[in-house]
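Here is the structure we will look at.
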Amino acid sequence: MSDVHARMEALEERLGDPFDAAGGAGFAAVLTADEREEVPVGGASALDEFGILSEFVPGALGGRLERVDHLIELMRSVYRRDPSLGLGHCSSSLLGAVNVWTAGSPDQRRDTAELLLAGHKVSCAFHELAHGNDIGSVEFAATPAEGRLVLSGRKESITNLDRADAMVFLARTDPDGGPRSCSQLLVPTADLDPDRVRFLPRFRSVGMRGVRLGGIAVDSFPVAADALLGAPGTGLETANRAFQLTRIAMPAMSTAMLDTGLRVTLHHMRARRLYGRDAASIPMVRTTLANTFADLLLCEAFGAVAARSLHALPESGSAYAPAVKYLLAGVTLDAFEQLSLVMGSEFYRRDGQHGVFQKMARDIKPVGFGHIARAACLSAVLPQLPVLARRSWRDAAPAPAALFVPDAELPPLDLPGLRVTAGGKDGLVMALNAALDDDVPAALRPLIERQIRGVRALTEACAGLKPRDLSIAATVEVRDLAARYTTALAAAACVGVWRHAPGDDFLARPEWLVAALTRLEGITAGQPVDVPDDVEGALVDELLSRDDRTVSFGISARQYR
Amino acid sequence: MENTASDTLTLDELERWLVDRVGEYVPDLDAPVDPQQELGEYGLDSVAVVAFAADVEDWLGIQVEPTAVWDHPTVARLAAYLLAEREQQRAATA
Ligand SMILES: Cc1cc2nc3c(=O)[nH]c(=O)nc-3n(C[C@H](O)[C@H](O)[C@H](O)COP(=O)(O)OP(=O)(O)OC[C@H]3O[C@@H](n4cnc5c(N)ncnc54)[C@H](O)[C@@H]3O)c2cc1C
């Protein structure tokens with residue numbers, strides 16, 4: 001189909017103005033549906049008419065997925081209106097599909113593509129309540145017998161299980177355990193034998209109430225051996241590689257919730273008069289608005305750069321993906337906390353003009369634990385640190401400019417080509433150095449220099465790590481090194497985006513970068529730091545102007561409906 | 001620990017190095033690592049394997065994916081695999 005920017009506009013057009021009380025995908029409809037634990041019918045059908053699931057199918061298989069950064073930006077149109085629609089109607093199918101694109105046979109890839117292109121959903125049934133993030137311990141078994149695989153066990157808290165047309169299972173194929181003990185299977189729902197398969201009652205949740213969280217209990221149900229995705233025993237490896245895409249894309253799509261949270265807060269403050277003045281002009285309020293704007297920009301900059309890195313630096317995805325998930329989730333969760341303080345009693349309302357704020361504040365929560373917990377992300381990054389320090393952080397090879405420039409040409413996405421570890425390759429973090437060669441504005445130089453010194457200190461600290469420090473039982477202190485790496489990466493992404501922004505763009509100005517780097521320093525220190533006084537005005541002005549022009553608050557500053 | 005393996009590394013030497021190295025990842029062992037025993041049983045989890053594989057890479061001077069340790073999960077099997085792999089990677093670059 002048409003170019004992605006035209007599709008973004010077409011999607012906005014279909015979904016309509018979210019503040020229009022009569023709109024089928026507007027906040028009023030979204031809230032009413034949420035109270036019924038549903039998604040708005042009008043929004044769902046608009047997405048179906050648009051053919052949203054085709055966006056998750058690679059171009060080579062007849063779909064419209066070419067670039068991960070474009071997919072993210074497009075999906076923000078959905079998440080900013082209703083994250084339940086975003087996850088339940090759209091991106092949950094991506095969770096299963098990426099595994100098929102990564103490890104499936106040509107037939108499995110074709111069948112799954114056909115399903116999605118026809119608007120049917122694919123479920124990703126990995127989770128079991130008993131094991132949480134410890135997915136290597138799943139008990140759901142696929143036992144070989146007479147040339148077939150016999151499935152037995154339970155999966156719980158899975159999106160769309162009862163209305164998907166195919167499901168991807170993570171199953172134990174070797175009872176002895178170890179990293180080769182699990183396999184993935186692709187099973188068409190139509191094949192399920194109702195005598196051997198029982199859907200469990202729906203889970204009810206605090207947020208994402210419109211997402212159907214189901215379960216399944218399977219008792220000795222045989223499937224053909226060719227249901228396996230890839231070779232037996234490769235299930236965890238495939239997940240590790242395939243989920244690099246989703247662990248970048250899903251938190252990055254979720255920043256659209258913060259856009260809405262910020263927009264609603266801004267509307268409320270602009271309309272409110274307190275103590276004889278506009279509430280929006282109260283210094284505390286202004287500072288929170290500026291902080292949140294900076295947070296949103298830094299999250300989206302990091303998300304976009306990491307998404308492009310899957311194309312341009314695919315060897316590093318195993319380090320960047322958990323870093324994105326960890327950092328973006330943490331920053332958006334904290335930002336919502338701060339915004340809800342500004343919203344005051346209006347935050348507590350489920351109805352009225354601003355009622356969507358509390359829904360977004362609830363729906364954002366799973367970004368911290370769904371798909372993978374923030375803590376587990378640090379555990380995935382940590383063992384890579386010593387070798388990253390040894391091999392990459394001392395020399396400053398320039399990062400490819402295409403990482404930072406929207407729509408610059410990128411190599412095609414090669415999911416099967418992603419690696420289990422980065423092998424010490426990180427072409428991003430030292431992009432910080434490159435910025436110092438230029439005429440760096442005075443306000444920026446010390447901030448960038450401090451980041452570079454931070455990476456140097458991190459390099460020393462990581463070089464001294466002992467093998468035993470790196471396991472799942474790593475101390476909080478050592479895990480903090482992994483957290484510091486995530487902020488350094490985000491800083492490098494922001495600096496790169498600033499350096500490569502066109503001259504007339506807000507992103508080419510130093511103010512937002514001063515703000516973003518200051519905020520990142522606060523995150524590293526574990527002590528939030530407000531954006532400096534001398535850039536606050538520029539940020540608030542830009543925010544107000546974007547609100548007036550109805551453009552997004554993130555890095556694309558894209559025209560919204 | 002020496003920094004790199006010698007060119008004439010034998011299977012025996014490689015096994016001994018791996019036994020020592022695994023011992024550093026899994027401290028407090030009662031006895032040296034048994035080359036025939038699965039590494040997972042010593043608690044070398046899939047997370048630690050990531051760093052372990054990188055150490056092996058540095059020492060042997062070849063590329064080693066962590067998945068190689070998954071596919072050859074005892075010291076004896078891993079040593080045999082690594083020695084063959086080293087010869088192959090060297091022949092390819094010679
Ligand atoms: C809206 C929604 C949709 C979902 N959809 C799906 C789906 O489609 N498919 C699916 O399979 N699942 C799905 N899930 C399940 C989801 O993936 C799980 O809820 C989640 O991954 C399990 O985590 P848990 O909270 O039980 O964490 P646990 O693993 O019990 O973790 C609890 C805590 O232990 C600590 N911890 C855990 N692991 C580590 C580690 N490695 N290192 C250090 N600390 C650690 C952390 O502090 C963590 O927060 C969904 C859940 C929700 C809420």
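Residues in the structure tokens are named by chain (A, B, ... in the order shown) and by number from 1 within that chain; ligands are numbered from 1 in the order shown.
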
Residues flagged helix (DSSP H, G or I) by DSSP in chain B, as a PyMOL selection string: chain B and resi 11-25+39-42+46-60+66-71+75-93

All residues having an atom within 7 Å of ligand 1 (only C-alpha atoms and all ligand atoms) as a ChimeraX atom specification: /A:92,95,123-127,129,131-134,157-159,208,211,213,366,369-379,472

Leaving out segment 11-19 of chain B and any residue of its chain fewer than 4 positions from it, which residues lie within 9 Å of it when counting only C-alpha atoms, given as a short mmCIF file (atom, residue, chain, number, x, y, z; two decimals) with N, CA, C and O atoms, in the first residue's frame?
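So the final result, stored in out_18.cif, reads:
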data_model
loop_
_atom_site.label_atom_id
_atom_site.label_comp_id
_atom_site.auth_asym_id
_atom_site.auth_seq_id
_atom_site.Cartn_x
_atom_site.Cartn_y
_atom_site.Cartn_z
N MET B 1 44.89 -17.00 35.17
CA MET B 1 44.46 -17.44 33.82
C MET B 1 45.28 -16.70 32.76
O MET B 1 45.43 -15.50 32.80
N ALA B 5 44.83 -18.78 24.44
CA ALA B 5 45.25 -20.18 24.34
C ALA B 5 46.40 -20.29 23.35
O ALA B 5 46.49 -19.51 22.41
N GLY B 23 34.44 -23.15 37.14
CA GLY B 23 34.59 -23.03 38.59
C GLY B 23 34.52 -21.59 39.06
O GLY B 23 34.04 -21.30 40.15
N GLU B 24 34.99 -20.67 38.23
CA GLU B 24 34.91 -19.25 38.61
C GLU B 24 33.49 -18.72 38.54
O GLU B 24 33.13 -17.79 39.25
N PRO B 32 36.10 -30.48 41.78
CA PRO B 32 36.21 -29.87 40.46
C PRO B 32 35.04 -30.28 39.57
O PRO B 32 34.41 -31.32 39.79
N VAL B 33 34.76 -29.43 38.59
CA VAL B 33 33.66 -29.70 37.67
C VAL B 33 33.92 -31.01 36.91
O VAL B 33 35.03 -31.23 36.42
N ASP B 34 32.92 -31.84 36.85
CA ASP B 34 33.03 -33.11 36.13
C ASP B 34 32.75 -32.86 34.64
O ASP B 34 31.68 -32.37 34.29
N PRO B 35 33.71 -33.15 33.77
CA PRO B 35 33.53 -32.84 32.34
C PRO B 35 32.32 -33.53 31.72
O PRO B 35 31.85 -33.11 30.67
N VAL B 56 35.27 -17.39 26.67
CA VAL B 56 35.83 -18.44 25.81
C VAL B 56 36.28 -17.84 24.48
O VAL B 56 37.34 -18.16 23.96
N VAL B 75 31.39 -30.00 29.71
CA VAL B 75 32.74 -29.54 29.40
C VAL B 75 33.35 -30.42 28.30
O VAL B 75 33.97 -29.93 27.35
N ALA B 76 33.15 -31.72 28.41
CA ALA B 76 33.75 -32.63 27.42
C ALA B 76 33.21 -32.36 26.02
O ALA B 76 33.97 -32.23 25.05
N LEU B 78 31.67 -29.65 24.97
CA LEU B 78 31.99 -28.30 24.56
C LEU B 78 33.44 -28.21 24.06
O LEU B 78 33.72 -27.58 23.04
N ALA B 79 34.34 -28.87 24.78
CA ALA B 79 35.76 -28.83 24.41
C ALA B 79 35.94 -29.42 23.00
O ALA B 79 36.64 -28.84 22.16
N ALA B 80 35.30 -30.55 22.76
CA ALA B 80 35.43 -31.19 21.44
C ALA B 80 34.89 -30.26 20.36
O ALA B 80 35.52 -30.06 19.30
N LEU B 82 34.57 -26.97 20.49
CA LEU B 82 35.36 -25.74 20.36
C LEU B 82 36.66 -25.98 19.61
O LEU B 82 37.08 -25.14 18.80
N LEU B 83 37.27 -27.13 19.87
CA LEU B 83 38.53 -27.40 19.20
C LEU B 83 38.32 -27.52 17.69
O LEU B 83 39.06 -26.95 16.88
#

Residues of segment 401-472 of chain A at most 12 Å from segment 384-395 of chain A: nearest atom pair and distance in Å, only C-alpha atoms, as JSON lines:
{"residue": "A:Val420", "atom": "CA", "partner": "A:Gln384", "partner_atom": "CA", "distance": 10.7}
{"residue": "A:Thr421", "atom": "CA", "partner": "A:Gln384", "partner_atom": "CA", "distance": 7.4}
{"residue": "A:Ala422", "atom": "CA", "partner": "A:Gln384", "partner_atom": "CA", "distance": 7.5}
{"residue": "A:Gly423", "atom": "CA", "partner": "A:Val387", "partner_atom": "CA", "distance": 7.2}
{"residue": "A:Gly424", "atom": "CA", "partner": "A:Leu388", "partner_atom": "CA", "distance": 3.9}
{"residue": "A:Lys425", "atom": "CA", "partner": "A:Ser392", "partner_atom": "CA", "distance": 5.9}
{"residue": "A:Asp426", "atom": "CA", "partner": "A:Ser392", "partner_atom": "CA", "distance": 5.8}
{"residue": "A:Gly427", "atom": "CA", "partner": "A:Ser392", "partner_atom": "CA", "distance": 7.4}
{"residue": "A:Leu428", "atom": "CA", "partner": "A:Ser392", "partner_atom": "CA", "distance": 9.5}
{"residue": "A:Val429", "atom": "CA", "partner": "A:Trp393", "partner_atom": "CA", "distance": 7.3}
{"residue": "A:Met430", "atom": "CA", "partner": "A:Trp393", "partner_atom": "CA", "distance": 6.6}
{"residue": "A:Ala431", "atom": "CA", "partner": "A:Trp393", "partner_atom": "CA", "distance": 10.3}
{"residue": "A:Leu432", "atom": "CA", "partner": "A:Trp393", "partner_atom": "CA", "distance": 10.8}
{"residue": "A:Asn433", "atom": "CA", "partner": "A:Asp395", "partner_atom": "CA", "distance": 9.5}
{"residue": "A:Ala434", "atom": "CA", "partner": "A:Asp395", "partner_atom": "CA", "distance": 11.2}
{"residue": "A:Ile452", "atom": "CA", "partner": "A:Trp393", "partner_atom": "CA", "distance": 10.0}
{"residue": "A:Arg453", "atom": "CA", "partner": "A:Trp393", "partner_atom": "CA", "distance": 11.4}
{"residue": "A:Gly454", "atom": "CA", "partner": "A:Trp393", "partner_atom": "CA", "distance": 11.2}
{"residue": "A:Val455", "atom": "CA", "partner": "A:Trp393", "partner_atom": "CA", "distance": 7.4}
{"residue": "A:Arg456", "atom": "CA", "partner": "A:Trp393", "partner_atom": "CA", "distance": 7.7}
{"residue": "A:Ala457", "atom": "CA", "partner": "A:Ala389", "partner_atom": "CA", "distance": 10.3}
{"residue": "A:Leu458", "atom": "CA", "partner": "A:Ala389", "partner_atom": "CA", "distance": 7.9}
{"residue": "A:Thr459", "atom": "CA", "partner": "A:Ala389", "partner_atom": "CA", "distance": 5.0}
{"residue": "A:Glu460", "atom": "CA", "partner": "A:Ala389", "partner_atom": "CA", "distance": 7.8}
{"residue": "A:Ala461", "atom": "CA", "partner": "A:Pro386", "partner_atom": "CA", "distance": 8.7}
{"residue": "A:Cys462", "atom": "CA", "partner": "A:Pro386", "partner_atom": "CA", "distance": 5.0}
{"residue": "A:Ala463", "atom": "CA", "partner": "A:Pro386", "partner_atom": "CA", "distance": 5.2}
{"residue": "A:Gly464", "atom": "CA", "partner": "A:Pro386", "partner_atom": "CA", "distance": 7.8}
{"residue": "A:Leu465", "atom": "CA", "partner": "A:Pro386", "partner_atom": "CA", "distance": 6.7}
{"residue": "A:Lys466", "atom": "CA", "partner": "A:Pro386", "partner_atom": "CA", "distance": 8.9}
{"residue": "A:Pro467", "atom": "CA", "partner": "A:Pro386", "partner_atom": "CA", "distance": 9.2}
{"residue": "A:Asp469", "atom": "CA", "partner": "A:Pro386", "partner_atom": "CA", "distance": 10.7}
{"residue": "A:Leu470", "atom": "CA", "partner": "A:Gln384", "partner_atom": "CA", "distance": 8.8}
{"residue": "A:Ser471", "atom": "CA", "partner": "A:Gln384", "partner_atom": "CA", "distance": 11.0}

Residues of chain B within 6 Å of chain A, counting only C-alpha atoms, as a PDB file with N, CA and C atoms, in the first residue's frame:
ATOM      1  N   TYR B  25      32.714 -19.273  37.621  1.00  0.00           N
ATOM      2  CA  TYR B  25      31.319 -18.842  37.515  1.00  0.00           C
ATOM      3  C   TYR B  25      30.479 -19.451  38.618  1.00  0.00           C
ATOM      4  N   ALA B  48      24.293 -16.549  32.818  1.00  0.00           N
ATOM      5  CA  ALA B  48      25.740 -16.555  33.014  1.00  0.00           C
ATOM      6  C   ALA B  48      26.462 -17.061  31.766  1.00  0.00           C
ATOM      7  N   ALA B  51      28.040 -14.426  29.451  1.00  0.00           N
ATOM      8  CA  ALA B  51      29.363 -13.905  29.793  1.00  0.00           C
ATOM      9  C   ALA B  51      30.426 -14.993  29.629  1.00  0.00           C
TER      10      ALA B  51
END

Contacts of Asp226 of chain A at 9 Å (only C-alpha atoms; same-chain gap of 5+ positions) as a list in words: Arg148, Leu185 and Leu186 of chain A

Selection export as a PDB file, in the first residue's frame, atoms kept: N, CA, C and O atoms:
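The file below, out08.pdb, is the result:
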ATOM      1  N   ARG A 148       4.092 -37.740  16.675  1.00  0.00           N
ATOM      2  CA  ARG A 148       3.342 -36.512  16.929  1.00  0.00           C
ATOM      3  C   ARG A 148       3.814 -35.891  18.235  1.00  0.00           C
ATOM      4  O   ARG A 148       4.666 -36.468  18.923  1.00  0.00           O
ATOM      5  N   LEU A 185       5.443 -23.899  19.319  1.00  0.00           N
ATOM      6  CA  LEU A 185       4.556 -24.567  18.366  1.00  0.00           C
ATOM      7  C   LEU A 185       3.538 -23.575  17.848  1.00  0.00           C
ATOM      8  O   LEU A 185       3.045 -22.732  18.606  1.00  0.00           O
ATOM      9  N   LEU A 186       3.213 -23.704  16.584  1.00  0.00           N
ATOM     10  CA  LEU A 186       2.159 -22.888  15.975  1.00  0.00           C
ATOM     11  C   LEU A 186       0.961 -23.793  15.725  1.00  0.00           C
ATOM     12  O   LEU A 186       1.048 -24.760  14.956  1.00  0.00           O
TER      13      LEU A 186
END

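Straight-line separation from atom CA of Pro532 of chain A to atom CA of Asp547 of chain A: 22.1 Å.
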